[in-house]
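Student: Here you go, entry.pdb (PDB, C-alpha atoms):
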```
ATOM      1  CA  MET J   1       2.163 -12.828 -13.493
ATOM      2  CA  GLU J   2       5.493 -11.151 -14.222
ATOM      3  CA  SER J   3       5.773  -7.585 -15.502
ATOM      4  CA  SER J   4       7.312  -6.942 -18.921
ATOM      5  CA  GLY J   5       8.475  -3.477 -17.905
ATOM      6  CA  GLU J   6       6.158  -1.490 -20.168
ATOM      7  CA  LEU J   7       3.984   0.943 -18.217
ATOM      8  CA  VAL J   8       0.548   2.032 -19.420
ATOM      9  CA  PRO J   9      -2.429   3.894 -17.890
ATOM     10  CA  PHE J  10      -4.889   1.983 -15.729
ATOM     11  CA  PRO J  11      -7.654   1.112 -18.237
ATOM     12  CA  LEU J  12     -10.577   2.267 -16.063
ATOM     13  CA  LEU J  13      -8.988   5.640 -15.384
ATOM     14  CA  MET J  14     -10.354   8.819 -16.942
ATOM     15  CA  THR J  15      -6.908  10.357 -17.363
ATOM     16  CA  CYS J  16      -8.114  13.856 -18.242
ATOM     17  CA  ASN J  17      -9.257  14.335 -14.635
ATOM     18  CA  TYR J  18      -6.598  12.321 -12.831
ATOM     19  CA  ARG J  19      -3.865  13.636 -10.575
ATOM     20  CA  ALA J  20      -1.568  11.183  -8.845
ATOM     21  CA  CYS J  21      -1.213  13.457  -5.798
ATOM     22  CA  THR J  22      -4.435  15.007  -4.552
ATOM     23  CA  ILE J  23      -2.896  17.143  -1.798
ATOM     24  CA  PRO J  24      -2.869  20.791  -2.990
ATOM     25  CA  TYR J  25       0.888  21.278  -2.638
ATOM     26  CA  ARG J  26       0.799  24.552  -4.561
ATOM     27  CA  PHE J  27      -1.495  26.770  -6.594
ATOM     28  CA  PRO J  28      -0.800  28.760  -9.779
ATOM     29  CA  SER J  29      -0.633  31.935  -7.708
ATOM     30  CA  ASN J  30       2.262  30.588  -5.573
ATOM     31  CA  ASN J  31       5.759  31.909  -6.155
ATOM     32  CA  PRO J  32       7.533  29.183  -8.201
ATOM     33  CA  THR J  33      10.877  29.986  -6.595
ATOM     34  CA  LYS J  34       9.704  29.485  -3.000
ATOM     35  CA  PRO J  35       8.341  26.317  -1.344
ATOM     36  CA  THR J  36       4.749  26.481  -0.175
ATOM     37  CA  PRO J  37       3.810  25.746   3.457
ATOM     38  CA  THR J  38       2.353  22.400   2.363
ATOM     39  CA  GLU J  39       5.515  21.460   0.508
ATOM     40  CA  LEU J  40       7.600  22.408   3.533
ATOM     41  CA  SER J  41       5.416  20.357   5.869
ATOM     42  CA  TRP J  42       5.839  17.260   3.694
ATOM     43  CA  ILE J  43       9.562  17.824   3.348
ATOM     44  CA  HIS J  44       9.718  17.806   7.150
ATOM     45  CA  VAL J  45       7.692  14.569   7.274
ATOM     46  CA  PHE J  46      10.268  12.891   5.043
ATOM     47  CA  MET J  47      13.137  14.513   6.942
ATOM     48  CA  ASN J  48      11.809  13.036  10.187
ATOM     49  CA  SER J  49      11.785   9.548   8.666
ATOM     50  CA  ILE J  50      15.508   9.577   7.835
ATOM     51  CA  PRO J  51      16.738   8.187  11.209
ATOM     52  CA  SER J  52      14.502   5.113  10.994
ATOM     53  CA  PHE J  53      15.527   4.461   7.374
ATOM     54  CA  ARG J  54      19.187   4.906   8.279
ATOM     55  CA  LYS J  55      18.810   2.400  11.122
ATOM     56  CA  ARG J  56      17.254  -0.166   8.784
ATOM     57  CA  ALA J  57      20.000   0.399   6.231
ATOM     58  CA  GLU J  58      22.748  -0.027   8.845
ATOM     59  CA  SER J  59      21.403  -3.484   9.711
ATOM     60  CA  ASP J  60      21.186  -4.672   6.077
ATOM     61  CA  ASP J  61      23.697  -7.529   6.069
ATOM     62  CA  THR J  62      23.354  -8.006   2.297
ATOM     63  CA  VAL J  63      25.227  -4.750   1.658
ATOM     64  CA  PRO J  64      28.990  -4.462   2.229
ATOM     65  CA  ASP J  65      29.958  -1.496   4.422
ATOM     66  CA  ALA J  66      26.290  -1.004   5.301
ATOM     67  CA  LEU J  67      27.153   1.295   8.207
ATOM     68  CA  SER J  68      29.071   3.818   6.126
ATOM     69  CA  ARG J  69      26.658   3.578   3.201
ATOM     70  CA  ALA J  70      23.715   4.185   5.539
ATOM     71  CA  GLU J  71      25.466   7.324   6.755
ATOM     72  CA  LYS J  72      25.918   8.438   3.134
ATOM     73  CA  PHE J  73      22.234   7.816   2.476
ATOM     74  CA  ALA J  74      21.200   9.989   5.416
ATOM     75  CA  HIS J  75      23.600  12.737   4.352
ATOM     76  CA  ARG J  76      22.628  12.719   0.659
ATOM     77  CA  TYR J  77      18.897  12.566   1.224
ATOM     78  CA  THR J  78      19.084  15.316   3.840
ATOM     79  CA  GLU J  79      20.966  17.477   1.334
ATOM     80  CA  ILE J  80      18.281  16.859  -1.296
ATOM     81  CA  LEU J  81      15.500  17.852   1.102
ATOM     82  CA  GLU J  82      17.412  20.961   2.150
ATOM     83  CA  ASP J  83      17.848  21.858  -1.535
ATOM     84  CA  LEU J  84      14.097  21.553  -2.087
ATOM     85  CA  LYS J  85      13.454  23.850   0.869
ATOM     86  CA  LYS J  86      15.631  26.495  -0.787
ATOM     87  CA  ASP J  87      14.574  25.879  -4.386
ATOM     88  CA  PRO J  88      11.397  23.823  -4.988
ATOM     89  CA  LYS J  89      12.315  23.420  -8.669
ATOM     90  CA  SER J  90      15.514  21.502  -7.858
ATOM     91  CA  HIS J  91      15.758  17.706  -8.231
ATOM     92  CA  GLY J  92      12.801  17.548 -10.595
ATOM     93  CA  GLY J  93      10.488  19.535  -8.296
ATOM     94  CA  PRO J  94       8.276  21.096  -7.170
ATOM     95  CA  PRO J  95       8.055  18.339  -4.553
ATOM     96  CA  ASP J  96       5.068  16.099  -3.945
ATOM     97  CA  GLY J  97       4.674  12.725  -2.247
ATOM     98  CA  ILE J  98       5.713  10.734  -5.289
ATOM     99  CA  LEU J  99       8.848  12.791  -5.977
ATOM    100  CA  LEU J 100       9.939  12.699  -2.323
ATOM    101  CA  CYS J 101       9.524   8.916  -2.253
ATOM    102  CA  ARG J 102      11.269   8.453  -5.576
ATOM    103  CA  LEU J 103      14.281  10.558  -4.549
ATOM    104  CA  ARG J 104      14.635   8.564  -1.319
ATOM    105  CA  GLU J 105      14.492   5.227  -3.156
ATOM    106  CA  GLN J 106      16.918   6.513  -5.772
ATOM    107  CA  VAL J 107      19.537   7.364  -3.150
ATOM    108  CA  LEU J 108      19.107   4.013  -1.408
ATOM    109  CA  ARG J 109      19.418   2.030  -4.636
ATOM    110  CA  GLU J 110      22.423   4.021  -5.836
ATOM    111  CA  LEU J 111      24.181   3.032  -2.607
ATOM    112  CA  GLY J 112      23.338  -0.653  -3.082
ATOM    113  CA  PHE J 113      20.358  -0.906  -0.728
ATOM    114  CA  ARG J 114      17.693  -2.931  -2.508
ATOM    115  CA  ASP J 115      15.393  -3.903   0.360
ATOM    116  CA  ILE J 116      16.327  -2.512   3.780
ATOM    117  CA  PHE J 117      13.036  -3.725   5.300
ATOM    118  CA  LYS J 118      13.445  -7.335   4.117
ATOM    119  CA  LYS J 119      14.241  -8.776   7.550
ATOM    120  CA  VAL J 120      11.308  -7.146   9.326
ATOM    121  CA  LYS J 121       8.968  -8.050   6.461
ATOM    122  CA  ASP J 122       9.954 -11.720   6.708
ATOM    123  CA  GLU J 123       9.514 -11.699  10.489
ATOM    124  CA  GLU J 124       6.103 -10.043  10.351
ATOM    125  CA  ASN J 125       4.933 -12.279   7.505
ATOM    126  CA  ALA J 126       5.787 -15.356   9.571
ATOM    127  CA  LYS J 127       3.891 -14.016  12.603
ATOM    128  CA  ALA J 128       0.849 -13.106  10.518
ATOM    129  CA  ILE J 129       0.800 -16.470   8.724
ATOM    130  CA  SER J 130       0.625 -18.208  12.100
ATOM    131  CA  LEU J 131      -2.499 -16.157  12.960
ATOM    132  CA  PHE J 132      -4.242 -16.408   9.581
ATOM    133  CA  GLU J 133      -6.544 -19.344  10.287
ATOM    134  CA  ASP J 134      -7.583 -17.905  13.669
ATOM    135  CA  VAL J 135      -8.577 -14.622  12.018
ATOM    136  CA  ILE J 136     -10.503 -16.528   9.324
ATOM    137  CA  HIS J 137     -12.406 -18.569  11.916
ATOM    138  CA  LEU J 138     -13.290 -15.420  13.877
ATOM    139  CA  ASN J 139     -14.749 -13.867  10.741
ATOM    140  CA  ASP J 140     -16.527 -17.021   9.591
ATOM    141  CA  ALA J 141     -18.218 -17.265  12.985
ATOM    142  CA  ILE J 142     -20.108 -14.009  12.264
ATOM    143  CA  GLU J 143     -23.326 -15.256  10.694
ATOM    144  CA  ASP J 144     -24.780 -11.897   9.672
ATOM    145  CA  GLU J 145     -23.279 -11.153   6.251
ATOM    146  CA  ALA J 146     -23.282  -7.379   6.642
ATOM    147  CA  LYS J 147     -21.599  -7.552  10.052
ATOM    148  CA  ARG J 148     -19.047 -10.022   8.735
ATOM    149  CA  MET J 149     -18.123  -7.677   5.882
ATOM    150  CA  GLU J 150     -17.836  -4.734   8.303
ATOM    151  CA  ASN J 151     -15.496  -6.792  10.456
ATOM    152  CA  LEU J 152     -13.392  -7.704   7.419
ATOM    153  CA  VAL J 153     -13.073  -4.050   6.410
ATOM    154  CA  LYS J 154     -12.075  -3.133   9.955
ATOM    155  CA  GLY J 155      -9.430  -5.833   9.698
ATOM    156  CA  ILE J 156      -7.996  -4.048   6.660
ATOM    157  CA  PHE J 157      -7.802  -0.807   8.632
ATOM    158  CA  ALA J 158      -6.099  -2.554  11.558
ATOM    159  CA  GLY J 159      -3.615  -4.352   9.342
ATOM    160  CA  ASN J 160      -2.667  -1.188   7.490
ATOM    161  CA  LEU J 161      -1.117   0.208  10.670
ATOM    162  CA  PHE J 162       1.925  -1.915   9.789
ATOM    163  CA  ASP J 163       3.310   0.932   7.682
ATOM    164  CA  LEU J 164       6.927   1.650   8.499
ATOM    165  CA  GLY J 165       7.080   4.630   6.160
ATOM    166  CA  SER J 166       5.588   6.664   8.986
ATOM    167  CA  ALA J 167       8.210   7.845  11.457
ATOM    168  CA  GLN J 168       5.718   7.633  14.336
ATOM    169  CA  LEU J 169       4.543   4.119  13.452
ATOM    170  CA  ALA J 170       8.109   2.988  12.852
ATOM    171  CA  GLU J 171       9.054   4.191  16.338
ATOM    172  CA  LEU J 172       5.994   2.521  17.868
ATOM    173  CA  PHE J 173       6.741  -0.732  16.059
ATOM    174  CA  SER J 174      10.393  -0.654  17.105
ATOM    175  CA  ARG J 175       9.466  -0.034  20.745
ATOM    176  CA  ASP J 176       6.302  -2.059  21.329
ATOM    177  CA  GLY J 177       5.456  -3.954  18.163
ATOM    178  CA  ILE J 178       1.995  -3.781  16.634
ATOM    179  CA  SER J 179      -0.684  -6.281  17.623
ATOM    180  CA  PHE J 180      -3.286  -6.946  14.940
ATOM    181  CA  LEU J 181      -6.021  -7.987  17.376
ATOM    182  CA  ALA J 182      -5.314  -5.015  19.655
ATOM    183  CA  SER J 183      -5.404  -2.706  16.630
ATOM    184  CA  CYS J 184      -8.821  -4.116  15.679
ATOM    185  CA  GLN J 185     -10.149  -3.378  19.144
ATOM    186  CA  ASN J 186      -8.692   0.139  19.215
ATOM    187  CA  LEU J 187     -10.063   1.380  15.899
ATOM    188  CA  VAL J 188     -11.941   4.672  16.008
ATOM    189  CA  PRO J 189     -15.646   3.804  16.202
ATOM    190  CA  ARG J 190     -17.971   4.590  13.323
ATOM    191  CA  PRO J 191     -19.023   6.854  11.807
ATOM    192  CA  TRP J 192     -15.568   7.589  10.383
ATOM    193  CA  VAL J 193     -14.585  10.929   8.834
ATOM    194  CA  ILE J 194     -15.367   9.467   5.415
ATOM    195  CA  ASP J 195     -17.702   6.513   5.862
ATOM    196  CA  ASP J 196     -19.339   4.884   2.857
ATOM    197  CA  LEU J 197     -19.191   1.404   4.317
ATOM    198  CA  ASP J 198     -22.976   1.015   4.480
ATOM    199  CA  THR J 199     -23.239   1.800   0.759
ATOM    200  CA  PHE J 200     -20.517  -0.733   0.008
ATOM    201  CA  ILE J 201     -22.205  -3.414   2.121
ATOM    202  CA  THR J 202     -25.588  -2.741   0.514
ATOM    203  CA  LYS J 203     -24.081  -3.342  -2.930
ATOM    204  CA  TRP J 204     -22.263  -6.394  -1.576
ATOM    205  CA  THR J 205     -25.400  -8.047  -0.223
ATOM    206  CA  ARG J 206     -27.466  -7.377  -3.364
ATOM    207  CA  GLU J 207     -25.117  -8.685  -6.025
ATOM    208  CA  SER J 208     -21.558 -10.003  -6.137
ATOM    209  CA  TRP J 209     -18.991  -8.258  -8.282
ATOM    210  CA  LYS J 210     -17.634 -10.274 -11.205
ATOM    211  CA  LYS J 211     -14.007  -9.167 -11.013
ATOM    212  CA  ALA J 212     -12.157  -7.193  -8.357
ATOM    213  CA  VAL J 213      -8.710  -5.602  -8.619
ATOM    214  CA  ILE J 214      -7.088  -4.863  -5.262
ATOM    215  CA  PHE J 215      -3.946  -2.713  -5.094
ATOM    216  CA  VAL J 216      -2.286  -4.039  -1.945
ATOM    217  CA  ASP J 217       0.047  -2.189   0.405
ATOM    218  CA  ASN J 218       2.161  -3.509   3.282
ATOM    219  CA  SER J 219       3.581  -6.890   4.228
ATOM    220  CA  GLY J 220       2.761  -8.672   7.476
ATOM    221  CA  ALA J 221      -0.603  -8.190   9.145
ATOM    222  CA  ASP J 222      -1.739  -5.766   6.443
ATOM    223  CA  ILE J 223      -1.738  -8.211   3.534
ATOM    224  CA  ILE J 224      -2.144 -11.483   5.463
ATOM    225  CA  LEU J 225      -4.660 -10.611   8.185
ATOM    226  CA  GLY J 226      -6.363  -7.664   6.488
ATOM    227  CA  ILE J 227      -6.513  -8.029   2.718
ATOM    228  CA  LEU J 228      -6.401 -11.822   2.314
ATOM    229  CA  PRO J 229      -9.385 -12.605   4.599
ATOM    230  CA  PHE J 230     -11.339  -9.952   2.670
ATOM    231  CA  THR J 231     -10.136 -11.492  -0.605
ATOM    232  CA  ARG J 232     -11.230 -14.929   0.565
ATOM    233  CA  GLU J 233     -14.727 -13.582   1.236
ATOM    234  CA  LEU J 234     -14.905 -12.207  -2.299
ATOM    235  CA  LEU J 235     -13.823 -15.584  -3.660
ATOM    236  CA  ARG J 236     -16.541 -17.299  -1.633
ATOM    237  CA  HIS J 237     -19.077 -15.159  -3.437
ATOM    238  CA  GLY J 238     -17.750 -16.094  -6.867
ATOM    239  CA  THR J 239     -15.768 -12.924  -7.563
ATOM    240  CA  GLN J 240     -12.535 -13.234  -9.508
ATOM    241  CA  VAL J 241      -9.831 -11.364  -7.594
ATOM    242  CA  ILE J 242      -6.639  -9.784  -8.953
ATOM    243  CA  LEU J 243      -4.149  -8.772  -6.266
ATOM    244  CA  ALA J 244      -1.761  -6.115  -7.616
ATOM    245  CA  ALA J 245       1.571  -5.887  -5.785
ATOM    246  CA  ASN J 246       4.742  -3.846  -6.263
ATOM    247  CA  ASP J 247       7.395  -4.818  -8.774
ATOM    248  CA  LEU J 248      10.316  -3.673  -6.604
ATOM    249  CA  PRO J 249      10.750  -3.352  -2.819
ATOM    250  CA  SER J 250       9.900  -0.018  -1.208
ATOM    251  CA  ILE J 251       9.650   0.475   2.566
ATOM    252  CA  ASN J 252       7.733  -2.572   3.913
ATOM    253  CA  ASP J 253       5.323  -2.848   0.989
ATOM    254  CA  VAL J 254       4.727  -6.404  -0.183
ATOM    255  CA  THR J 255       6.214  -7.213  -3.587
ATOM    256  CA  TYR J 256       4.848  -9.471  -6.293
ATOM    257  CA  PRO J 257       7.287 -12.367  -5.595
ATOM    258  CA  GLU J 258       6.685 -12.081  -1.842
ATOM    259  CA  LEU J 259       2.907 -12.175  -2.262
ATOM    260  CA  VAL J 260       3.104 -15.254  -4.497
ATOM    261  CA  GLU J 261       5.153 -16.977  -1.784
ATOM    262  CA  ILE J 262       2.809 -15.884   1.024
ATOM    263  CA  ILE J 263      -0.282 -17.255  -0.726
ATOM    264  CA  SER J 264       1.535 -20.488  -1.506
ATOM    265  CA  LYS J 265       2.269 -20.946   2.204
ATOM    266  CA  LEU J 266      -1.347 -20.216   3.182
ATOM    267  CA  LYS J 267      -2.938 -22.673   0.744
ATOM    268  CA  ASP J 268      -3.641 -26.238   1.847
ATOM    269  CA  GLU J 269      -2.779 -29.359  -0.159
ATOM    270  CA  GLN J 270      -5.880 -28.849  -2.317
ATOM    271  CA  GLY J 271      -4.834 -25.289  -3.118
ATOM    272  CA  LYS J 272      -7.568 -23.756  -0.962
ATOM    273  CA  LEU J 273      -7.542 -20.869   1.524
ATOM    274  CA  VAL J 274      -9.141 -22.410   4.606
ATOM    275  CA  GLY J 275     -11.667 -24.327   2.525
ATOM    276  CA  VAL J 276     -12.211 -21.706  -0.194
ATOM    277  CA  ASP J 277     -11.221 -22.463  -3.789
ATOM    278  CA  THR J 278      -8.544 -20.135  -5.180
ATOM    279  CA  SER J 279      -8.851 -20.862  -8.896
ATOM    280  CA  ASN J 280     -10.288 -17.342  -9.326
ATOM    281  CA  LEU J 281      -7.373 -15.702  -7.500
ATOM    282  CA  LEU J 282      -4.515 -14.159  -9.478
ATOM    283  CA  VAL J 283      -1.494 -12.169  -8.334
ATOM    284  CA  ALA J 284      -0.277  -9.478 -10.730
ATOM    285  CA  ASN J 285       2.828  -7.331 -10.855
ATOM    286  CA  SER J 286       1.607  -3.711 -10.748
ATOM    287  CA  GLY J 287       4.855  -2.418 -12.262
ATOM    288  CA  ASN J 288       5.201   0.018  -9.359
ATOM    289  CA  ASP J 289       8.402   0.583  -7.370
ATOM    290  CA  LEU J 290       7.235   3.102  -4.757
ATOM    291  CA  PRO J 291       4.977   3.056  -1.662
ATOM    292  CA  VAL J 292       2.602   5.362  -3.569
ATOM    293  CA  ILE J 293       1.272   4.859  -7.071
ATOM    294  CA  ASP J 294       0.626   6.859 -10.198
ATOM    295  CA  LEU J 295      -2.164   5.083 -12.057
ATOM    296  CA  THR J 296      -1.023   6.500 -15.384
ATOM    297  CA  GLY J 297       1.834   3.979 -15.225
ATOM    298  CA  ILE J 298       1.014   0.348 -14.420
ATOM    299  CA  SER J 299       2.184  -2.880 -16.029
ATOM    300  CA  GLN J 300       0.603  -3.937 -19.317
ATOM    301  CA  GLU J 301      -0.250  -7.310 -17.780
ATOM    302  CA  LEU J 302      -2.234  -5.703 -14.973
ATOM    303  CA  ALA J 303      -3.958  -3.368 -17.433
ATOM    304  CA  ASP J 304      -5.094  -6.351 -19.493
ATOM    305  CA  LEU J 305      -6.418  -8.148 -16.424
ATOM    306  CA  ALA J 306      -8.191  -5.053 -15.065
ATOM    307  CA  SER J 307      -9.928  -3.916 -18.243
ATOM    308  CA  ASP J 308     -13.236  -5.640 -17.379
ATOM    309  CA  ALA J 309     -13.119  -5.252 -13.582
ATOM    310  CA  ASP J 310     -16.238  -3.914 -11.888
ATOM    311  CA  LEU J 311     -14.636  -3.376  -8.453
ATOM    312  CA  VAL J 312     -11.326  -1.622  -7.819
ATOM    313  CA  ILE J 313      -9.895  -1.259  -4.316
ATOM    314  CA  LEU J 314      -6.884   0.891  -3.499
ATOM    315  CA  GLU J 315      -5.580   0.320  -0.017
ATOM    316  CA  GLY J 316      -3.094   2.528   1.774
ATOM    317  CA  MET J 317      -2.006   6.148   1.522
ATOM    318  CA  VAL J 318      -5.047   7.369  -0.363
ATOM    319  CA  SER J 319      -4.276  11.028   0.255
ATOM    320  CA  LEU J 320      -1.109  10.643  -1.841
ATOM    321  CA  LEU J 321      -2.656   8.484  -4.515
ATOM    322  CA  LEU J 322      -5.942   9.497  -5.882
ATOM    323  CA  SER J 323      -8.018  11.952  -7.753
ATOM    324  CA  MET J 324     -10.177   9.819  -9.953
ATOM    325  CA  LEU J 325     -13.419   9.903 -11.898
ATOM    326  CA  CYS J 326     -14.733   6.490 -12.859
ATOM    327  CA  TYR J 327     -17.405   4.986 -15.056
ATOM    328  CA  CYS J 328     -20.744   4.783 -13.276
ATOM    329  CA  ASN J 329     -20.974   1.004 -13.676
ATOM    330  CA  HIS J 330     -17.693   0.457 -11.833
ATOM    331  CA  SER J 331     -17.092   0.649  -8.097
ATOM    332  CA  PHE J 332     -13.941   2.205  -6.683
ATOM    333  CA  CYS J 333     -13.139   1.842  -3.009
ATOM    334  CA  PHE J 334     -10.378   3.762  -1.245
ATOM    335  CA  ILE J 335      -9.217   2.188   2.005
ATOM    336  CA  SER J 336      -6.641   3.996   4.101
TER     337      SER J 336
END
```
Please express what this file holds, its structure, as structure tokens.
Tutor:
Amino acid sequence: MESSGELVPFPLLMTCNYRACTIPYRFPSNNPTKPTPTELSWIHVFMNSIPSFRKRAESDDTVPDALSRAEKFAHRYTEILEDLKKDPKSHGGPPDGILLCRLREQVLRELGFRDIFKKVKDEENAKAISLFEDVIHLNDAIEDEAKRMENLVKGIFAGNLFDLGSAQLAELFSRDGISFLASCQNLVPRPWVIDDLDTFITKWTRESWKKAVIFVDNSGADIILGILPFTRELLRHGTQVILAANDLPSINDVTYPELVEIISKLKDEQGKLVGVDTSNLLVANSGNDLPVIDLTGISQELADLASDADLVILEGMVSLLLSMLCYCNHSFCFIS
């Protein structure tokens, strides 16, 4: 479903208590003319990512003079971050995760870079598609329903490591690649720092949700080997599933057109995902153009589809996304 461009609040959001960035970047008592330690730490995080973004931009063969434009990107974005360190009110500040992402994307797009991660996304999508049926069969072989769901959730965690917005993960991926199966085996054992999985599974085994909205994150193993096997399990239980993907490219996040194409490649001739009917599966354009999301601004189409959802899942950089109160008869799951 295409986006019309109009952005509206997520219909299940209680906007009076919502903040798009939950990290306490600053408090009212902080000096407005000086950056806080938290703001400085995040500025440094984004500063450290510049070399990997510049490298991706240099190799973008869709942009004329990519080498010189990539150098301009690195210079301009560095200047912006240095400005914010001196004056947090510059460039629309004070800075938070959304502003820092938006400024980076703005510089890239002004220089003609639309999708500097396109090549690596296509490569990783192809690899993950080749493994999809094997991952499905491994999950289907788990007879205990609760254990199967736990394994599917762990698969989401493992897949989400394919996040090239992180300088450390980008370096690891560039050097060694990221193996989905190895990531599954190397997950930190439960209990996790925040671990409500047992509560989720208890609800799952008692009664299926009628409609789920899943805000997806990265391309490659994340969407194909993490989210889609989980989605397939929901479909098996009769849940209608809405997958919400980005409108425009940002880092290696999967976009709406890319997700439509991926699912088309995974379906068999009967339109099924390894034997599971997909008539209850819809892909929606979230209206978002960043690797983080502000739920006060999503596409009208997604808002219409989500208005009667009883399960909402937000996967990815939860610490940058959420501060939400929800109606008691709805379930919200944050997977990061």
Student: Please enumerate the residues selected by the PyMOL selection byres ((chain J and resi 281-297) around 7) when evaluated against the supplied file, formatted as a VMD selection string.
Tutor: chain J and resid 1 to 3 5 7 to 10 20 98 101 to 102 240 to 251 253 256 260 278 to 280 298 to 299 302 317 320 to 321
Student: So that I can see what lies close to Val153 (chain J), please list as number ranges by chain the residues with an atom at most 9 Å from it, counting only C-alpha atoms and leaving out residues fewer than 4 positions away in the same chain.
Tutor: J: 148-149, 157-158, 197, 226-227, 230, 335
Student: Could you list, as a PDB file with C-alpha atoms, in the frame of the given file, every residue matched by the PyMOL selection byres ((chain J and resi 150) around 12) in this structure?
Tutor:
```pdb
ATOM      1  CA  ASN J 139     -14.749 -13.867  10.741  1.00  0.00           C
ATOM      2  CA  ILE J 142     -20.108 -14.009  12.264  1.00  0.00           C
ATOM      3  CA  ASP J 144     -24.780 -11.897   9.672  1.00  0.00           C
ATOM      4  CA  GLU J 145     -23.279 -11.153   6.251  1.00  0.00           C
ATOM      5  CA  ALA J 146     -23.282  -7.379   6.642  1.00  0.00           C
ATOM      6  CA  LYS J 147     -21.599  -7.552  10.052  1.00  0.00           C
ATOM      7  CA  ARG J 148     -19.047 -10.022   8.735  1.00  0.00           C
ATOM      8  CA  MET J 149     -18.123  -7.677   5.882  1.00  0.00           C
ATOM      9  CA  ASN J 151     -15.496  -6.792  10.456  1.00  0.00           C
ATOM     10  CA  LEU J 152     -13.392  -7.704   7.419  1.00  0.00           C
ATOM     11  CA  VAL J 153     -13.073  -4.050   6.410  1.00  0.00           C
ATOM     12  CA  LYS J 154     -12.075  -3.133   9.955  1.00  0.00           C
ATOM     13  CA  GLY J 155      -9.430  -5.833   9.698  1.00  0.00           C
ATOM     14  CA  ILE J 156      -7.996  -4.048   6.660  1.00  0.00           C
ATOM     15  CA  PHE J 157      -7.802  -0.807   8.632  1.00  0.00           C
ATOM     16  CA  CYS J 184      -8.821  -4.116  15.679  1.00  0.00           C
ATOM     17  CA  PRO J 189     -15.646   3.804  16.202  1.00  0.00           C
ATOM     18  CA  ARG J 190     -17.971   4.590  13.323  1.00  0.00           C
ATOM     19  CA  ASP J 195     -17.702   6.513   5.862  1.00  0.00           C
ATOM     20  CA  ASP J 196     -19.339   4.884   2.857  1.00  0.00           C
ATOM     21  CA  LEU J 197     -19.191   1.404   4.317  1.00  0.00           C
ATOM     22  CA  ASP J 198     -22.976   1.015   4.480  1.00  0.00           C
ATOM     23  CA  THR J 199     -23.239   1.800   0.759  1.00  0.00           C
ATOM     24  CA  PHE J 200     -20.517  -0.733   0.008  1.00  0.00           C
ATOM     25  CA  ILE J 201     -22.205  -3.414   2.121  1.00  0.00           C
ATOM     26  CA  THR J 202     -25.588  -2.741   0.514  1.00  0.00           C
ATOM     27  CA  TRP J 204     -22.263  -6.394  -1.576  1.00  0.00           C
ATOM     28  CA  THR J 205     -25.400  -8.047  -0.223  1.00  0.00           C
ATOM     29  CA  GLY J 226      -6.363  -7.664   6.488  1.00  0.00           C
ATOM     30  CA  PHE J 230     -11.339  -9.952   2.670  1.00  0.00           C
ATOM     31  CA  GLU J 233     -14.727 -13.582   1.236  1.00  0.00           C
TER      32      GLU J 233
END
```
Student: Taking only C-alpha atoms into account, which of J:Lys203, J:Lys127, J:Lys267, J:Thr231 comes nearest Phe180 (chain J)?
Tutor: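 Among the listed residues, J:Lys127 lies closest to Phe180 (chain J).
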Student: Just give me the gap between CA of Leu111 (chain J) and CA of Phe73 (chain J) in Å, one decimal is fine.
Tutor: 7.2 Å
Student: Quick one: apply the PyMOL selection byres ((chain J and resi 115) around 12) to the file and drop the selected residues here as an NGL selection string.
Tutor: :J and (53 or 56-63 or 105 or 108-109 or 111-114 or 116-122 or 248-255 or 289-290)
Student: Using only C-alpha atoms, which residue out of J:Met14, J:Leu40, J:Leu259, J:Leu131 lies closest to Arg26 (chain J)?
Tutor: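 Ranked by minimum distance to Arg26 (chain J), first place goes to J:Leu40.
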Student: What is the distance, in Å and to one decimal place, between CA of Arg206 (chain J) and CA of Ile313 (chain J)?
Tutor: 18.6 Å
Student: Just how far from CA of Val45 (chain J) is CA of Phe27 (chain J), in Å to one decimal?
Tutor: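 Interatomic distance here is 20.6 Å.
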Student: Quick one: everything within 12 Å of His91 (chain J), counting only C-alpha atoms, minus sequence neighbours fewer than 4 positions away in the same chain. Send it as a PyMOL selection string.
Tutor: chain J and resi 77+79-87+95-96+99-100+102-104+106
Student: May I have the selected residues written with C-alpha atoms, as a tab-separated table (two decimals), keeping the file's coordinate frame?
Tutor:
```
chain	number	residue	atom	x	y	z
J	77	TYR	CA	18.90	12.57	1.22
J	79	GLU	CA	20.97	17.48	1.33
J	80	ILE	CA	18.28	16.86	-1.30
J	81	LEU	CA	15.50	17.85	1.10
J	82	GLU	CA	17.41	20.96	2.15
J	83	ASP	CA	17.85	21.86	-1.54
J	84	LEU	CA	14.10	21.55	-2.09
J	85	LYS	CA	13.45	23.85	0.87
J	86	LYS	CA	15.63	26.50	-0.79
J	87	ASP	CA	14.57	25.88	-4.39
J	95	PRO	CA	8.06	18.34	-4.55
J	96	ASP	CA	5.07	16.10	-3.94
J	99	LEU	CA	8.85	12.79	-5.98
J	100	LEU	CA	9.94	12.70	-2.32
J	102	ARG	CA	11.27	8.45	-5.58
J	103	LEU	CA	14.28	10.56	-4.55
J	104	ARG	CA	14.64	8.56	-1.32
J	106	GLN	CA	16.92	6.51	-5.77
```
Student: Could you check the closest approach to Pro229 (chain J) for each of J:Val274, J:Ile136, J:Ile263, J:Ala182 and tell me which residue wins, using all atoms listed in the file?
Tutor: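 The shortest atom-to-atom distance to Pro229 (chain J) comes from J:Ile136.
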Student: Given all atoms listed in the file as the basis, pick out the residue of J:Glu258, J:Asp268, J:Asp65, J:Asp310 nearest to Ser219 (chain J).
Tutor: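 Selected residue with least distance to Ser219 (chain J): J:Glu258.
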Student: Nearest to Arg54 (chain J): which of J:Lys265, J:His237, J:Lys34, J:Lys72 is it, counting only C-alpha atoms?
Tutor: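 Looking only at the distances to Arg54 (chain J), the closest residue turns out to be J:Lys72.
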